[in-house]
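Shown below: coords.cif, with mmCIF, C-alpha atoms.
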```cif
data_query
loop_
_atom_site.label_atom_id
_atom_site.label_comp_id
_atom_site.auth_asym_id
_atom_site.auth_seq_id
_atom_site.Cartn_x
_atom_site.Cartn_y
_atom_site.Cartn_z
CA MET A 1 69.34 82.02 187.53
CA SER A 2 66.41 79.77 186.80
CA THR A 3 66.48 76.64 184.64
CA ASN A 4 63.95 78.15 182.23
CA SER A 5 66.27 81.13 181.57
CA LEU A 6 69.17 78.84 180.73
CA ARG A 7 67.00 76.89 178.34
CA GLN A 8 66.02 80.09 176.56
CA ARG A 9 69.62 81.27 176.19
CA VAL A 10 71.24 77.97 175.15
CA PRO A 11 70.02 76.81 171.69
CA SER A 12 68.86 73.27 171.45
CA LEU A 13 70.60 70.65 169.30
CA ALA A 14 67.68 70.66 166.87
CA GLU A 15 67.93 74.41 166.38
CA SER A 16 71.68 74.21 165.74
CA THR A 17 71.16 71.43 163.22
CA ILE A 18 68.49 73.44 161.37
CA SER A 19 70.74 76.51 161.34
CA PHE A 20 73.70 74.51 159.97
CA ALA A 21 71.48 72.91 157.34
CA SER A 22 70.22 76.34 156.24
CA GLU A 23 73.78 77.65 155.88
CA SER A 24 74.73 74.56 153.88
CA ASP A 25 71.74 75.06 151.60
CA GLU A 26 72.72 78.69 151.05
CA GLU A 27 76.32 77.73 150.20
CA SER A 28 75.08 75.01 147.86
CA THR A 29 72.75 77.48 146.15
CA SER A 30 75.58 80.02 145.74
CA THR A 31 77.86 77.35 144.28
CA THR A 32 75.15 76.25 141.86
CA GLN A 33 74.51 79.83 140.77
CA LEU A 34 78.25 80.44 140.24
CA THR A 35 78.56 77.25 138.18
CA THR A 36 75.52 78.22 136.12
CA THR A 37 76.95 81.71 135.49
CA LYS A 38 80.29 80.24 134.36
CA SER A 39 78.50 77.80 132.08
CA ARG A 40 76.53 80.63 130.51
CA HIS A 41 79.73 82.63 129.93
CA LEU A 42 81.35 79.62 128.27
CA GLU A 43 78.29 79.07 126.09
CA ARG A 44 78.33 82.73 125.05
CA ARG A 45 82.03 82.52 124.17
CA ARG A 46 81.47 79.37 122.14
CA SER A 47 78.51 80.91 120.35
CA SER A 48 80.56 84.07 119.65
CA ILE A 49 83.39 81.99 118.17
CA SER A 50 80.85 80.03 116.15
CA GLU A 51 79.28 83.25 114.88
CA VAL A 52 82.68 84.59 113.83
CA ALA A 53 83.56 81.35 112.06
CA ASN A 54 80.24 81.34 110.27
CA SER A 55 80.15 85.07 109.57
CA THR A 56 79.29 86.27 106.11
CA PHE A 57 82.65 87.96 105.73
CA LEU A 58 84.69 84.83 106.42
CA ARG A 59 82.44 82.63 104.33
CA LYS A 60 82.89 84.98 101.40
CA ARG A 61 86.65 85.20 101.89
CA LEU A 62 86.97 81.40 101.99
CA SER A 63 84.49 80.71 99.23
CA ARG A 64 85.04 79.69 95.61
CA GLN A 65 82.04 81.82 94.66
CA SER A 66 82.54 85.06 92.78
CA SER A 67 81.33 88.22 94.53
CA LEU A 68 80.11 89.73 91.26
CA PRO A 69 76.31 89.75 90.84
CA TRP A 70 76.19 89.83 87.00
CA GLY A 71 77.76 86.43 86.33
CA HIS A 72 80.45 85.64 83.77
CA LYS A 73 81.07 88.98 82.12
CA ARG A 74 84.69 89.63 81.20
CA SER A 75 86.24 93.07 80.95
CA THR A 76 89.26 93.53 78.68
CA MET A 77 90.25 96.63 80.66
CA ILE A 78 90.42 94.69 83.92
CA GLY A 79 92.25 91.82 82.22
CA ILE A 80 94.96 94.15 80.89
CA SER A 81 95.24 96.02 84.18
CA CYS A 82 96.22 92.78 85.95
CA PHE A 83 99.52 92.74 84.07
CA LEU A 84 100.46 96.19 85.35
CA PHE A 85 101.65 94.45 88.51
CA LEU A 86 104.58 93.07 86.51
CA LEU A 87 106.08 96.52 85.87
CA PRO A 88 107.55 97.26 89.33
CA ILE A 89 109.07 93.77 89.69
CA PRO A 90 112.53 94.60 88.20
CA CYS A 91 112.85 97.69 90.43
CA LEU A 92 111.98 95.68 93.54
CA PHE A 93 114.45 92.91 92.69
CA LYS A 94 117.26 95.40 92.05
CA SER A 95 116.48 97.14 95.34
CA CYS A 96 116.70 93.92 97.36
CA CYS A 97 112.96 93.39 97.89
CA PRO A 98 112.57 89.89 96.39
CA PHE A 99 109.53 88.85 98.43
CA ALA A 100 107.52 91.92 97.41
CA ALA A 101 108.55 91.32 93.77
CA LEU A 102 107.58 87.65 93.99
CA MET A 103 104.17 88.50 95.46
CA LEU A 104 103.47 90.92 92.60
CA ALA A 105 104.21 88.10 90.16
CA VAL A 106 101.89 85.77 92.07
CA VAL A 107 99.09 88.32 92.31
CA THR A 108 99.37 89.00 88.57
CA VAL A 109 98.43 85.37 87.95
CA SER A 110 95.78 85.21 90.68
CA SER A 111 94.07 88.48 89.69
CA PHE A 112 94.02 87.65 85.98
CA SER A 113 92.56 84.24 86.74
CA SER A 114 89.96 85.54 89.22
CA ASP A 115 89.08 88.90 87.64
CA TYR A 116 89.15 87.86 84.00
CA LEU A 117 89.31 84.15 83.18
CA TYR A 118 86.78 83.06 85.83
CA SER A 119 85.06 86.38 86.40
CA GLY A 120 81.59 85.89 87.84
CA VAL A 121 81.74 82.08 88.01
CA GLU A 122 82.72 79.60 90.71
CA SER A 123 86.46 78.89 90.83
CA TRP A 124 89.28 78.22 93.29
CA SER A 125 91.03 81.21 91.73
CA HIS A 126 88.76 83.57 93.72
CA LEU A 127 89.88 82.03 97.02
CA PHE A 128 93.51 82.12 95.87
CA ASP A 129 93.28 85.77 94.82
CA ARG A 130 91.58 86.80 98.08
CA ALA A 131 94.46 85.18 99.97
CA MET A 132 97.30 86.53 97.83
CA ALA A 133 96.11 90.12 97.26
CA PRO A 134 96.46 91.29 100.91
CA ILE A 135 99.89 89.65 101.19
CA ALA A 136 101.07 91.34 98.00
CA PHE A 137 99.64 94.67 99.11
CA PHE A 138 101.23 94.74 102.56
CA SER A 139 104.56 93.28 101.43
CA ASN A 140 104.88 96.09 98.90
CA ILE A 141 103.77 98.67 101.46
CA HIS A 142 106.58 97.42 103.68
CA ALA A 143 109.07 97.47 100.79
CA VAL A 144 108.25 101.06 99.82
CA TYR A 145 108.33 102.16 103.46
CA SER A 146 111.72 100.54 104.11
CA LEU A 147 113.19 102.05 100.92
CA PHE A 148 111.70 105.55 100.83
CA GLY A 149 109.88 106.26 104.11
CA ILE A 150 106.34 106.86 105.28
CA MET A 151 105.59 109.73 102.89
CA TRP A 152 105.70 107.34 99.94
CA VAL A 153 103.37 104.88 101.65
CA LEU A 154 100.54 107.34 102.34
CA PRO A 155 99.44 107.63 98.68
CA ALA A 156 98.43 103.96 98.89
CA ILE A 157 95.19 105.31 100.35
CA ILE A 158 94.25 106.26 96.77
CA ALA A 159 94.53 102.63 95.66
CA VAL A 160 92.53 101.43 98.67
CA LYS A 161 89.84 104.02 97.89
CA CYS A 162 89.57 102.69 94.33
CA HIS A 163 89.20 99.16 95.67
CA VAL A 164 86.46 100.22 98.09
CA MET A 165 84.61 102.06 95.32
CA ALA A 166 84.86 98.99 93.06
CA MET A 167 83.28 96.83 95.78
CA TYR A 168 80.57 99.42 96.34
CA HIS A 169 79.59 99.51 92.67
CA SER A 170 79.67 95.72 92.56
CA LYS A 171 77.05 95.61 95.32
CA GLN A 172 75.07 98.27 93.46
CA ASN A 173 75.17 96.06 90.34
CA ASN A 174 76.83 98.86 88.37
CA TYR A 175 79.10 96.98 85.97
CA ASP A 176 80.61 99.94 84.12
CA LYS A 177 81.73 101.83 87.23
CA PHE A 178 82.99 98.60 88.78
CA VAL A 179 85.23 98.05 85.75
CA ILE A 180 86.63 101.58 85.99
CA PHE A 181 87.42 101.48 89.71
CA HIS A 182 88.70 97.90 89.74
CA SER A 183 91.05 98.73 86.88
CA LEU A 184 92.16 101.84 88.77
CA TRP A 185 92.78 99.67 91.84
CA HIS A 186 95.32 97.70 89.82
CA ALA A 187 96.74 100.72 87.99
CA THR A 188 97.21 102.96 91.03
CA GLY A 189 98.71 100.11 93.08
CA ALA A 190 101.40 99.40 90.48
CA GLY A 191 101.73 103.04 89.41
CA LEU A 192 102.46 104.38 92.89
CA ILE A 193 105.28 101.86 93.34
CA LEU A 194 106.77 102.91 90.00
CA LEU A 195 106.39 106.57 90.92
CA SER A 196 108.32 106.08 94.16
CA PHE A 197 111.19 104.48 92.23
CA GLY A 198 110.99 107.09 89.47
CA VAL A 199 111.42 109.96 91.90
CA ASN A 200 113.83 108.37 94.37
CA GLY A 201 115.74 105.98 92.14
CA LEU A 202 116.81 102.42 92.87
CA ARG A 203 118.37 101.41 96.17
CA GLU A 204 121.42 99.23 95.81
CA CYS A 205 121.63 96.06 97.89
CA LEU A 206 123.90 96.20 100.91
CA GLY A 207 127.34 94.76 100.24
CA GLU A 208 127.34 95.54 96.52
#
```
Written form, C-alpha cells:
Amino acid sequence: MSTNSLRQRVPSLAESTISFASESDEESTSTTQLTTTKSRHLERRRSSISEVANSTFLRKRLSRQSSLPWGHKRSTMIGISCFLFLLPIPCLFKSCCPFAALMLAVVTVSSFSSDYLYSGVESWSHLFDRAMAPIAFFSNIHAVYSLFGIMWVLPAIIAVKCHVMAMYHSKQNNYDKFVIFHSLWHATGAGLILLSFGVNGLRECLGE
C-alpha cells in the first residue's frame, strides 16, 4: 500500500483538533440553549405568580375598598338581615357545634359593619367580612352535614345563588335588586340552618 493512501486514510492532527473543537462548540451551544430554556421557564413561573398575586380578584378580596359602585347608601333591610345569623346559634351550641355557632356570631358583626355601617365607603370591615364570611359559610355547611347528612346541605345552593345575583346586580349598578338579593343571601343562609333543625330536631352532645 502506498504512502499516499495511508495519508488519505489516517486523519491528520489538525483535522482531529478541528473535529473535537466543533463537537465542543455543539455541546456548549446545547448547554447554553438548555440554560436559556430553563431561565425562560423560571421567568414565566415568576411572572405567573406575580400575576396571581396582583390579580384583580385578590386585590379586591384584600382591599379596604367597598365593592359597591353607588357609594355610602345604607339599606335598613340589609342591616336587619345581618342579625338573622344570630338565630341558629343556640341550636348549634346545643348540638355540639360551637365553632360554627361562634363563626355565625362573628359574621353577624362583620356583615353589619361592612354591609350597613360602612356600606360603600373605605373600611377595614370589608376586608374582615370577606375573610370571615367564607369561614362561617363552610363551617356551618360542615356542621349541618355532620348532623343531618348531605341532603340538608344541598339547599345551600339557593343561598349561594342569591349571593351571586346580588354581586351581579351590584356590577349592573342596580341598587334595589342588590338589596333584595343580598338580604335573601343572609335570610336563606340562616333560614336553611333553622329549617334543618326544625325538621330533624337537636342532636345531643355525646356523653350527655
Which residues, written as a ChimeraX atom specification, have at least one atom at most 9 Å from stretch 73-76 of chain A, with all atoms listed in the file counted and residues fewer than 6 positions away on the same chain left out? /A:115-120,179
So that I have them on file, write out the residues from the current selection with C-alpha atoms, as an mmCIF file, keeping the file's coordinate frame.
```cif
data_model
loop_
_atom_site.group_PDB
_atom_site.id
_atom_site.type_symbol
_atom_site.label_atom_id
_atom_site.label_comp_id
_atom_site.auth_asym_id
_atom_site.auth_seq_id
_atom_site.Cartn_x
_atom_site.Cartn_y
_atom_site.Cartn_z
ATOM 1 C CA ASP A 115 89.080 88.900 87.640
ATOM 2 C CA TYR A 116 89.150 87.860 84.000
ATOM 3 C CA LEU A 117 89.310 84.150 83.180
ATOM 4 C CA TYR A 118 86.780 83.060 85.830
ATOM 5 C CA SER A 119 85.060 86.380 86.400
ATOM 6 C CA GLY A 120 81.590 85.890 87.840
ATOM 7 C CA VAL A 179 85.230 98.050 85.750
#
```
In terms of the shortest atom-to-atom distance over all atoms listed in the file, which of A:Phe85, A:Gln65, A:His182, A:Cys97 is closest to A:Ser125?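 Smallest separation from A:Ser125 among the options: A:Gln65.
Using only C-alpha atoms for every distance, the candidate list A:Ile80, A:Val121, A:Ala133, A:Ala159 yields A:Ala159 as the residue closest to A:Ala190.
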For atom CA of A:Val160 and atom CA of A:Thr188, determine how far apart the two atoms are, in Å to one decimal place.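 Computing the Euclidean distance for atom CA of A:Val160 and atom CA of A:Thr188 yields 9.1 Å.
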Which residues fall under the PyMOL selection byres ((chain A and resi 156) around 12) in this file, as a PyMOL selection string? chain A and resi 137-138+140-142+144-145+150-155+157-163+185-193+195-196
Same residues, C-alpha atoms, saved as a PDB file, in the frame of the given file:
```pdb
ATOM      1  CA  PHE A 137      99.640  94.670  99.110  1.00  0.00           C
ATOM      2  CA  PHE A 138     101.230  94.740 102.560  1.00  0.00           C
ATOM      3  CA  ASN A 140     104.880  96.090  98.900  1.00  0.00           C
ATOM      4  CA  ILE A 141     103.770  98.670 101.460  1.00  0.00           C
ATOM      5  CA  HIS A 142     106.580  97.420 103.680  1.00  0.00           C
ATOM      6  CA  VAL A 144     108.250 101.060  99.820  1.00  0.00           C
ATOM      7  CA  TYR A 145     108.330 102.160 103.460  1.00  0.00           C
ATOM      8  CA  ILE A 150     106.340 106.860 105.280  1.00  0.00           C
ATOM      9  CA  MET A 151     105.590 109.730 102.890  1.00  0.00           C
ATOM     10  CA  TRP A 152     105.700 107.340  99.940  1.00  0.00           C
ATOM     11  CA  VAL A 153     103.370 104.880 101.650  1.00  0.00           C
ATOM     12  CA  LEU A 154     100.540 107.340 102.340  1.00  0.00           C
ATOM     13  CA  PRO A 155      99.440 107.630  98.680  1.00  0.00           C
ATOM     14  CA  ILE A 157      95.190 105.310 100.350  1.00  0.00           C
ATOM     15  CA  ILE A 158      94.250 106.260  96.770  1.00  0.00           C
ATOM     16  CA  ALA A 159      94.530 102.630  95.660  1.00  0.00           C
ATOM     17  CA  VAL A 160      92.530 101.430  98.670  1.00  0.00           C
ATOM     18  CA  LYS A 161      89.840 104.020  97.890  1.00  0.00           C
ATOM     19  CA  CYS A 162      89.570 102.690  94.330  1.00  0.00           C
ATOM     20  CA  HIS A 163      89.200  99.160  95.670  1.00  0.00           C
ATOM     21  CA  TRP A 185      92.780  99.670  91.840  1.00  0.00           C
ATOM     22  CA  HIS A 186      95.320  97.700  89.820  1.00  0.00           C
ATOM     23  CA  ALA A 187      96.740 100.720  87.990  1.00  0.00           C
ATOM     24  CA  THR A 188      97.210 102.960  91.030  1.00  0.00           C
ATOM     25  CA  GLY A 189      98.710 100.110  93.080  1.00  0.00           C
ATOM     26  CA  ALA A 190     101.400  99.400  90.480  1.00  0.00           C
ATOM     27  CA  GLY A 191     101.730 103.040  89.410  1.00  0.00           C
ATOM     28  CA  LEU A 192     102.460 104.380  92.890  1.00  0.00           C
ATOM     29  CA  ILE A 193     105.280 101.860  93.340  1.00  0.00           C
ATOM     30  CA  LEU A 195     106.390 106.570  90.920  1.00  0.00           C
ATOM     31  CA  SER A 196     108.320 106.080  94.160  1.00  0.00           C
TER      32      SER A 196
END
```
